[in-house]
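Coordinates from input.cif are shown below (mmCIF, C-alpha atoms and all ligand atoms).
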data_final
loop_
_atom_site.label_atom_id
_atom_site.label_comp_id
_atom_site.auth_asym_id
_atom_site.auth_seq_id
_atom_site.Cartn_x
_atom_site.Cartn_y
_atom_site.Cartn_z
CA MET L 1258 -98.78 -137.57 -77.61
CA LYS L 1259 -94.98 -137.53 -77.31
CA VAL L 1260 -93.19 -137.02 -73.99
CA TYR L 1261 -89.74 -135.43 -73.78
CA GLU L 1262 -88.06 -135.24 -70.37
CA GLY L 1263 -91.40 -135.61 -68.62
CA VAL L 1264 -93.02 -132.75 -70.56
CA ALA L 1265 -95.93 -133.63 -72.81
CA VAL L 1266 -95.43 -132.18 -76.25
CA MET L 1267 -98.61 -131.85 -78.22
CA THR L 1268 -98.95 -131.54 -81.92
CA TYR L 1269 -100.92 -128.78 -83.59
CA ARG L 1270 -103.78 -131.17 -84.33
CA GLU L 1271 -103.81 -132.65 -80.83
CA LEU L 1272 -104.11 -129.18 -79.37
CA TYR L 1273 -106.87 -128.33 -81.77
CA ASP L 1274 -108.77 -131.51 -80.88
CA MET L 1275 -108.39 -130.75 -77.20
CA GLY L 1276 -109.67 -127.19 -77.67
CA LYS L 1277 -112.56 -128.32 -79.84
CA LYS L 1278 -113.74 -130.89 -77.29
CA ALA L 1279 -113.47 -128.44 -74.40
CA LEU L 1280 -115.47 -125.76 -76.23
CA HIS L 1281 -118.03 -128.26 -77.39
CA SER L 1282 -118.63 -129.46 -73.81
CA ALA L 1283 -118.94 -125.84 -72.69
CA GLY L 1284 -121.82 -125.36 -75.16
CA VAL L 1285 -119.97 -122.97 -77.49
CA ALA L 1286 -121.98 -122.80 -80.71
CA GLU L 1287 -119.10 -122.89 -83.16
CA ALA L 1288 -116.63 -124.94 -81.14
CA GLU L 1289 -114.57 -126.16 -84.10
CA LEU L 1290 -114.22 -122.75 -85.67
CA ASP L 1291 -113.34 -121.03 -82.42
CA ALA L 1292 -110.81 -123.70 -81.45
CA ARG L 1293 -109.10 -123.29 -84.80
CA LEU L 1294 -109.18 -119.49 -84.81
CA LEU L 1295 -107.71 -119.31 -81.32
CA LEU L 1296 -104.95 -121.72 -82.29
CA GLU L 1297 -104.15 -119.65 -85.37
CA TYR L 1298 -104.15 -116.52 -83.22
CA VAL L 1299 -101.72 -118.07 -80.72
CA CYS L 1300 -99.39 -119.68 -83.27
CA GLY L 1301 -99.57 -117.04 -86.01
CA THR L 1302 -100.75 -119.69 -88.46
CA ASN L 1303 -103.61 -119.87 -90.96
CA ARG L 1304 -106.37 -122.32 -91.80
CA ASN L 1305 -104.17 -124.46 -94.06
CA ASP L 1306 -101.81 -125.35 -91.25
CA LEU L 1307 -104.28 -127.74 -89.64
CA LEU L 1308 -104.51 -129.73 -92.84
CA VAL L 1309 -100.92 -129.49 -93.97
CA HIS L 1310 -98.85 -129.26 -90.79
CA GLY L 1311 -101.13 -130.80 -88.16
CA ASP L 1312 -98.40 -133.19 -86.98
CA ARG L 1313 -95.92 -130.45 -86.06
CA THR L 1314 -95.32 -129.95 -82.36
CA VAL L 1315 -96.24 -126.68 -80.72
CA ALA L 1316 -93.81 -124.89 -78.39
CA PRO L 1317 -94.72 -125.41 -74.71
CA ASP L 1318 -95.24 -121.68 -74.05
CA ARG L 1319 -97.69 -121.46 -77.00
CA GLN L 1320 -99.50 -124.51 -75.65
CA GLU L 1321 -99.97 -122.78 -72.30
CA VAL L 1322 -101.28 -119.61 -73.91
CA TYR L 1323 -103.71 -121.63 -76.01
CA LYS L 1324 -104.99 -123.62 -73.05
CA ALA L 1325 -105.55 -120.41 -71.08
CA LEU L 1326 -107.53 -118.89 -73.95
CA ILE L 1327 -109.61 -122.04 -74.36
CA GLY L 1328 -110.34 -121.78 -70.63
CA LYS L 1329 -111.62 -118.24 -71.12
CA ARG L 1330 -113.69 -119.19 -74.13
CA GLU L 1331 -115.19 -122.05 -72.08
CA LYS L 1332 -116.45 -119.35 -69.73
CA ARG L 1333 -118.16 -117.93 -72.83
CA ILE L 1334 -116.04 -114.82 -73.15
CA PRO L 1335 -116.58 -113.86 -76.81
CA LEU L 1336 -113.84 -114.95 -79.20
CA GLN L 1337 -113.33 -111.38 -80.40
CA TYR L 1338 -112.56 -110.10 -76.91
CA LEU L 1339 -109.83 -112.78 -76.71
CA THR L 1340 -108.26 -112.05 -80.08
CA GLY L 1341 -109.02 -108.32 -79.82
CA VAL L 1342 -110.27 -107.97 -83.37
CA GLN L 1343 -113.40 -108.19 -85.51
CA ASN L 1344 -113.49 -107.73 -89.25
CA PHE L 1345 -116.26 -105.43 -90.47
CA MET L 1346 -116.68 -104.15 -94.02
CA GLY L 1347 -113.28 -105.63 -94.84
CA LEU L 1348 -111.52 -103.65 -92.10
CA ASP L 1349 -110.02 -105.09 -88.91
CA PHE L 1350 -111.50 -103.25 -85.93
CA SER L 1351 -109.89 -103.49 -82.51
CA VAL L 1352 -112.44 -104.50 -79.90
CA ASP L 1353 -112.51 -105.18 -76.19
CA SER L 1354 -115.18 -105.48 -73.51
CA ARG L 1355 -115.77 -101.70 -73.58
CA VAL L 1356 -117.59 -101.93 -76.92
CA LEU L 1357 -120.19 -104.00 -78.70
CA ILE L 1358 -118.59 -106.40 -81.19
CA PRO L 1359 -119.45 -105.23 -84.74
CA ARG L 1360 -122.07 -107.51 -86.31
CA GLN L 1361 -122.34 -108.62 -89.92
CA ASP L 1362 -125.97 -107.45 -89.96
CA THR L 1363 -124.74 -103.91 -89.45
CA GLU L 1364 -122.93 -104.07 -92.80
CA VAL L 1365 -126.39 -103.85 -94.40
CA LEU L 1366 -126.84 -100.50 -92.66
CA VAL L 1367 -123.45 -99.23 -93.83
CA GLU L 1368 -124.11 -100.33 -97.42
CA GLU L 1369 -127.48 -98.60 -97.43
CA VAL L 1370 -125.89 -95.35 -96.22
CA LEU L 1371 -123.07 -95.65 -98.79
CA ARG L 1372 -125.66 -95.82 -101.56
CA ASN L 1373 -126.88 -92.38 -100.49
CA LEU L 1374 -123.61 -90.75 -99.46
CA HIS L 1375 -122.07 -88.16 -101.77
CA ASP L 1376 -118.67 -86.49 -101.77
CA GLY L 1377 -118.19 -83.94 -99.04
CA MET L 1378 -121.16 -84.85 -96.88
CA HIS L 1379 -121.21 -84.44 -93.10
CA VAL L 1380 -122.11 -87.61 -91.26
CA LEU L 1381 -123.11 -88.14 -87.64
CA ASP L 1382 -122.94 -91.64 -86.13
CA MET L 1383 -124.93 -91.73 -82.91
CA CYS L 1384 -123.93 -94.48 -80.43
CA THR L 1385 -120.70 -95.08 -82.34
CA GLY L 1386 -119.27 -97.79 -80.03
CA SER L 1387 -116.18 -99.22 -81.72
CA GLY L 1388 -116.64 -96.62 -84.47
CA CYS L 1389 -117.20 -99.38 -87.02
CA ILE L 1390 -120.08 -97.68 -88.85
CA LEU L 1391 -118.54 -94.21 -89.17
CA ILE L 1392 -115.02 -95.39 -89.94
CA SER L 1393 -116.31 -97.72 -92.70
CA LEU L 1394 -118.40 -94.92 -94.19
CA LEU L 1395 -115.44 -92.56 -94.29
CA HIS L 1396 -113.13 -95.28 -95.57
CA TYR L 1397 -115.36 -96.02 -98.56
CA SER L 1398 -116.35 -92.45 -99.47
CA ASN L 1399 -114.62 -89.29 -100.65
CA HIS L 1400 -114.04 -86.14 -98.66
CA CYS L 1401 -116.83 -86.81 -96.20
CA ASP L 1402 -116.30 -85.91 -92.60
CA GLY L 1403 -117.81 -87.55 -89.60
CA LEU L 1404 -118.68 -87.10 -85.97
CA GLY L 1405 -118.97 -90.19 -83.80
CA VAL L 1406 -120.99 -89.73 -80.61
CA ASP L 1407 -121.25 -92.04 -77.63
CA ILE L 1408 -122.19 -91.61 -73.99
CA SER L 1409 -119.35 -93.95 -72.99
CA GLN L 1410 -115.88 -92.40 -72.80
CA ASP L 1411 -114.50 -95.94 -72.67
CA ALA L 1412 -116.11 -96.74 -76.02
CA LEU L 1413 -114.80 -93.50 -77.51
CA GLU L 1414 -111.24 -94.49 -76.64
CA VAL L 1415 -111.66 -97.68 -78.67
CA ALA L 1416 -113.31 -95.76 -81.52
CA GLY L 1417 -110.52 -93.17 -81.53
CA ARG L 1418 -107.89 -95.88 -81.74
CA ASN L 1419 -109.75 -97.52 -84.63
CA GLY L 1420 -110.05 -94.21 -86.46
CA ALA L 1421 -106.32 -93.56 -86.13
CA LYS L 1422 -105.50 -97.08 -87.30
CA LEU L 1423 -107.94 -97.44 -90.19
CA LEU L 1424 -108.33 -94.01 -91.76
CA PRO L 1425 -105.60 -92.39 -93.84
CA LYS L 1426 -103.79 -89.52 -92.19
CA GLU L 1427 -104.98 -86.61 -94.20
CA SER L 1428 -102.99 -83.54 -94.95
CA ASP L 1429 -105.70 -82.12 -97.17
CA GLU L 1430 -107.07 -78.61 -96.89
CA SER L 1431 -109.96 -79.49 -94.58
CA ALA L 1432 -107.49 -80.94 -92.08
CA GLU L 1433 -105.37 -77.78 -92.39
CA GLU L 1434 -108.43 -75.70 -91.57
CA GLY L 1435 -108.62 -77.68 -88.37
CA PHE L 1436 -111.66 -79.67 -89.44
CA GLY L 1437 -110.42 -83.21 -89.30
CA ARG L 1438 -112.01 -85.99 -91.25
CA ILE L 1439 -113.26 -87.75 -88.14
CA ARG L 1440 -114.03 -86.50 -84.65
CA PHE L 1441 -115.49 -88.15 -81.60
CA LEU L 1442 -117.62 -86.57 -78.91
CA GLN L 1443 -118.95 -87.78 -75.58
CA SER L 1444 -122.60 -86.88 -75.35
CA ASP L 1445 -125.91 -88.23 -74.09
CA LEU L 1446 -127.50 -88.45 -77.54
CA PHE L 1447 -127.62 -84.91 -78.99
CA GLN L 1448 -126.99 -83.02 -75.75
CA ALA L 1449 -123.47 -81.82 -76.61
CA VAL L 1450 -123.79 -82.02 -80.40
CA GLU L 1451 -123.55 -78.82 -82.44
CA GLY L 1452 -124.07 -78.18 -86.14
CA LYS L 1453 -126.05 -79.89 -88.84
CA PHE L 1454 -125.45 -83.03 -90.86
CA ASP L 1455 -126.47 -84.49 -94.21
CA VAL L 1456 -126.73 -87.99 -92.79
CA ILE L 1457 -127.41 -89.27 -89.29
CA VAL L 1458 -126.87 -92.99 -88.82
CA SER L 1459 -127.32 -95.08 -85.72
CA ASN L 1460 -127.29 -98.63 -84.49
CA PRO L 1461 -128.69 -97.81 -81.06
CA PRO L 1462 -129.34 -100.26 -78.22
CA TYR L 1463 -132.61 -101.93 -79.25
CA ILE L 1464 -133.13 -105.08 -77.20
CA ASP L 1465 -136.26 -105.00 -75.05
CA SER L 1466 -136.21 -105.77 -71.32
CA ALA L 1467 -137.71 -109.27 -71.66
CA ALA L 1468 -135.20 -110.33 -74.34
CA MET L 1469 -132.32 -108.88 -72.30
CA GLU L 1470 -132.90 -111.70 -69.81
CA SER L 1471 -132.48 -114.48 -72.35
CA LEU L 1472 -129.41 -113.43 -74.31
CA MET L 1473 -126.69 -116.01 -75.00
CA PRO L 1474 -123.96 -115.80 -72.33
CA GLU L 1475 -121.41 -114.27 -74.71
CA VAL L 1476 -123.71 -111.28 -75.20
CA GLY L 1477 -125.60 -111.05 -71.91
CA GLU L 1478 -122.63 -111.57 -69.61
CA TYR L 1479 -119.82 -109.90 -71.48
CA GLU L 1480 -120.97 -107.26 -73.96
CA PRO L 1481 -121.79 -103.82 -72.52
CA ARG L 1482 -125.37 -103.69 -71.30
CA LEU L 1483 -125.42 -100.01 -72.15
CA ALA L 1484 -124.92 -100.90 -75.82
CA LEU L 1485 -127.79 -103.41 -75.88
CA ASP L 1486 -130.65 -102.36 -73.62
CA GLY L 1487 -133.33 -100.43 -75.48
CA GLY L 1488 -135.75 -100.08 -72.57
CA SER L 1489 -139.04 -101.87 -71.86
CA ASP L 1490 -140.17 -102.08 -75.50
CA GLY L 1491 -136.73 -101.71 -77.11
CA LEU L 1492 -137.77 -98.45 -78.80
CA TYR L 1493 -136.51 -95.91 -76.26
CA TYR L 1494 -133.62 -94.58 -78.38
CA TYR L 1495 -135.58 -94.56 -81.64
CA ARG L 1496 -138.27 -92.48 -79.97
CA ARG L 1497 -135.82 -89.93 -78.63
CA MET L 1498 -133.64 -89.78 -81.72
CA THR L 1499 -136.41 -89.37 -84.31
CA GLU L 1500 -137.69 -86.41 -82.30
CA GLU L 1501 -134.38 -84.81 -81.42
CA CYS L 1502 -132.44 -85.35 -84.65
CA ARG L 1503 -134.49 -82.94 -86.76
CA ASP L 1504 -132.59 -79.95 -85.39
CA TYR L 1505 -129.35 -81.57 -86.51
CA LEU L 1506 -130.28 -82.46 -90.09
CA PHE L 1507 -130.05 -80.16 -93.09
CA GLY L 1508 -133.25 -79.98 -95.13
CA GLY L 1509 -133.28 -83.06 -97.34
CA GLY L 1510 -130.99 -84.85 -94.88
CA MET L 1511 -131.39 -88.54 -94.17
CA LEU L 1512 -131.74 -90.66 -91.02
CA PHE L 1513 -130.68 -94.32 -91.06
CA PHE L 1514 -131.35 -96.78 -88.26
CA GLU L 1515 -130.42 -100.38 -87.71
CA ILE L 1516 -133.42 -102.10 -86.12
CA GLY L 1517 -134.35 -105.41 -84.53
CA GLN L 1518 -136.22 -107.78 -86.83
CA GLU L 1519 -139.61 -107.02 -85.25
CA GLN L 1520 -139.23 -103.25 -85.17
CA GLY L 1521 -139.72 -102.26 -88.84
CA GLU L 1522 -143.28 -101.04 -88.48
CA ALA L 1523 -142.85 -99.33 -85.13
CA VAL L 1524 -139.73 -97.41 -86.16
CA SER L 1525 -141.22 -96.49 -89.56
CA SER L 1526 -144.23 -95.00 -87.85
CA LEU L 1527 -142.08 -93.07 -85.36
CA MET L 1528 -140.19 -91.59 -88.30
CA LYS L 1529 -143.42 -90.77 -90.09
CA GLN L 1530 -144.79 -88.97 -87.04
CA ALA L 1531 -141.55 -86.99 -86.83
CA GLY L 1532 -142.00 -85.73 -90.40
CA PHE L 1533 -139.71 -88.06 -92.36
CA LEU L 1534 -140.59 -88.87 -95.97
CA ASP L 1535 -139.86 -91.78 -98.33
CA ILE L 1536 -139.42 -94.18 -95.42
CA GLN L 1537 -137.96 -97.52 -96.45
CA VAL L 1538 -137.42 -100.79 -94.59
CA VAL L 1539 -134.49 -102.92 -95.81
CA LYS L 1540 -133.92 -106.59 -95.07
CA ASP L 1541 -130.66 -108.26 -94.06
CA TYR L 1542 -129.11 -111.33 -95.74
CA ALA L 1543 -131.32 -113.58 -93.62
CA GLY L 1544 -134.42 -111.87 -95.05
CA LEU L 1545 -135.26 -110.08 -91.78
CA ASP L 1546 -136.07 -106.39 -91.43
CA ARG L 1547 -132.81 -104.73 -90.42
CA VAL L 1548 -132.67 -101.10 -91.57
CA VAL L 1549 -135.16 -98.23 -91.67
CA TYR L 1550 -134.35 -94.94 -93.32
CA GLY L 1551 -136.05 -91.78 -94.45
CA THR L 1552 -135.54 -88.20 -95.58
CA ILE L 1553 -136.47 -85.06 -93.75
CA GLY L 1554 -138.33 -82.44 -95.79
CA PHE L 1555 -137.13 -78.91 -96.42
CA GLY L 1556 -139.89 -77.38 -94.35
CA THR L 1557 -140.42 -77.03 -90.62
CA PRO L 1558 -142.38 -80.11 -89.59
CA GLU L 1559 -143.38 -78.54 -86.25
CA ASN L 1560 -145.85 -76.10 -87.84
CA GLY L 1561 -146.54 -78.10 -90.95
CA LYS L 1562 -145.37 -75.37 -93.33
CA SER L 1563 -142.88 -76.14 -96.02
CA GLU L 1564 -140.57 -74.03 -98.11
CA GLY L 1565 -141.23 -73.49 -101.79
CA MET L 1566 -144.49 -74.39 -103.49
N1 LIG W 1601 -122.26 -98.49 -83.62
C1 LIG W 1601 -121.67 -99.64 -83.00
C2 LIG W 1601 -122.01 -100.89 -83.79
O1 LIG W 1601 -122.87 -100.88 -84.61
C3 LIG W 1601 -122.15 -99.77 -81.56
C4 LIG W 1601 -123.63 -99.90 -81.42
C5 LIG W 1601 -124.07 -99.93 -79.99
O2 LIG W 1601 -123.27 -99.76 -79.07
N2 LIG W 1601 -125.35 -100.11 -79.80
O3 LIG W 1601 -121.42 -101.91 -83.61
#

Is it possible to give me this structure as structure tokens?
Ligand code: GLN
Amino acid sequence: MKVYEGVAVMTYRELYDMGKKALHSAGVAEAELDARLLLEYVCGTNRNDLLVHGDRTVAPDRQEVYKALIGKREKRIPLQYLTGVQNFMGLDFSVDSRVLIPRQDTEVLVEEVLRNLHDGMHVLDMCTGSGCILISLLHYSNHCDGLGVDISQDALEVAGRNGAKLLPKESDESAEEGFGRIRFLQSDLFQAVEGKFDVIVSNPPYIDSAAMESLMPEVGEYEPRLALDGGSDGLYYYRRMTEECRDYLFGGGMLFFEIGQEQGEAVSSLMKQAGFLDIQVVKDYAGLDRVVYGTIGFGTPENGKSEGM
């Protein structure tokens, strides 16, 4: 380490090594990666700089900012709340402690919906959080419109900002009619929702009470409890939504859920009881059950009659 006029000047690599050691001692799972990503965030650099320019000195004010962020990460504040961004489906979503950080597993849900989404469909995303599911669906489809619902007004502010940042401003005819491509609504599940949809998608809170007690600190201490806690057996929201959503789906409409790895059977049977057909369970990249979806019939499941033959 060089010293100029009593001030220690650290190189890029020295700072990185310091950050890495500190995060490692604090029990951060990916200490090396996080130390590097924070340094790149602070210095506006990329991954090559460590290899190519590791001996360059870092301006004292940048050093201070980096050390402060490492201090926060040592307290297990999630990396994404420090950098304010998480990539999901190739899009950079703004995140802060008001919303769940988008997970890679959830991309499996989005891809499954995209396979079934056709031009002009109406999509409802229940428990939208950062808006990552709905915004990705609208980004990668044509002329669909979407409603994102959350009980948290705080979350909806983040979702609204993401929608404005990531979706094209449309001056098409539907926007002129006053029906924008994306809308957000504060509602306790379907309470304030009106209209019908072709697709309802949700990644609801699904962690059961016992597991809530043993979450890693990043999740348990910093992510919103409201976005995680699925009640005593983790199935509270699936139970309510499979029942309540039928009034909001067109005949032939589809319901897609992200689920916890142990919930495939339970959620499938809830959907079956509620009258859904062709129920499928889809695995994530780790080979674990991650998505359940099904189609509602054209009849009225309540009285067992169906239209047509
Ligand atoms: N829909 C958001 C996501 O998948 C938030 C989900 C939640 O808050 N449970 O990241």

message = Which residues are near ligand LIG 1601 (chain W) in this structure, taking near to mean any atom at most 8 Å from a ligand atom and counting all atoms listed in the file? Format them as a PyMOL selection string.
response = chain L and resi 1356-1360+1363+1382-1391+1459-1463+1481+1483-1485

Taking only residues of segment 1429-1511 of chain L that have an atom at most 9 Å from an atom of segment 1519-1537 of chain L, what is each one's shortest atom pair and its distance in Å to one decimal, using all atoms listed in the file, in chain and number order, as CSV?
residue,atom,partner,partner_atom,distance
L:Tyr1463,CA,L:Gln1520,CA,9.0
L:Gly1491,CA,L:Gln1520,CA,8.6
L:Leu1492,CA,L:Val1524,CA,7.7
L:Tyr1495,CA,L:Val1524,CA,6.8
L:Arg1496,CA,L:Leu1527,CA,6.6
L:Thr1499,CA,L:Met1528,CA,5.9
L:Glu1500,CA,L:Ala1531,CA,6.0
L:Arg1503,CA,L:Ala1531,CA,8.1
L:Met1511,CA,L:Phe1533,CA,8.5

ask   = Between L:Gly1311, L:Val1415, L:Glu1515, L:Asp1274, which is the closest to Gly1341 of chain L once you count only C-alpha atoms?
value =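 Smallest distance to Gly1341 of chain L is found for L:Val1415.
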
Could I get the residues of segment 1399-1508 of chain L with an atom no further than 12 Å from an atom of segment 1328-1333 of chain L, each paired with its nearest atom pair and that distance in Å to one decimal, using all atoms listed in the file, sorted by chain and residue number, as a tab-separated table?
residue	atom	partner	partner_atom	distance
L:Met1473	CA	L:Arg1333	CA	9.0
L:Pro1474	CA	L:Arg1333	CA	6.2
L:Glu1475	CA	L:Arg1333	CA	5.2
L:Val1476	CA	L:Arg1333	CA	9.0
L:Gly1477	CA	L:Arg1333	CA	10.2
L:Glu1478	CA	L:Arg1333	CA	8.4
L:Tyr1479	CA	L:Arg1333	CA	8.3
L:Glu1480	CA	L:Arg1333	CA	11.1

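Computed from the coordinates, the atom CA of Asp1411 of chain L to atom CA of Ser1351 of chain L distance equals 13.2 Å.
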
message = So that I can check the surroundings of Gly1488 of chain L, please list as a VMD selection string every protein, DNA and RNA residue that reaches within 6 Å of it, counting only C-alpha atoms and ignoring chain neighbours fewer than 3 positions away.
response = chain L and resid 1465 to 1466 1491 1493

task = Rank nothing, just name the residue among L:Ala1467, L:Val1365, L:Met1275, L:Leu1395 nearest to Ile1439 of chain L, using only C-alpha atoms.
result = L:Leu1395
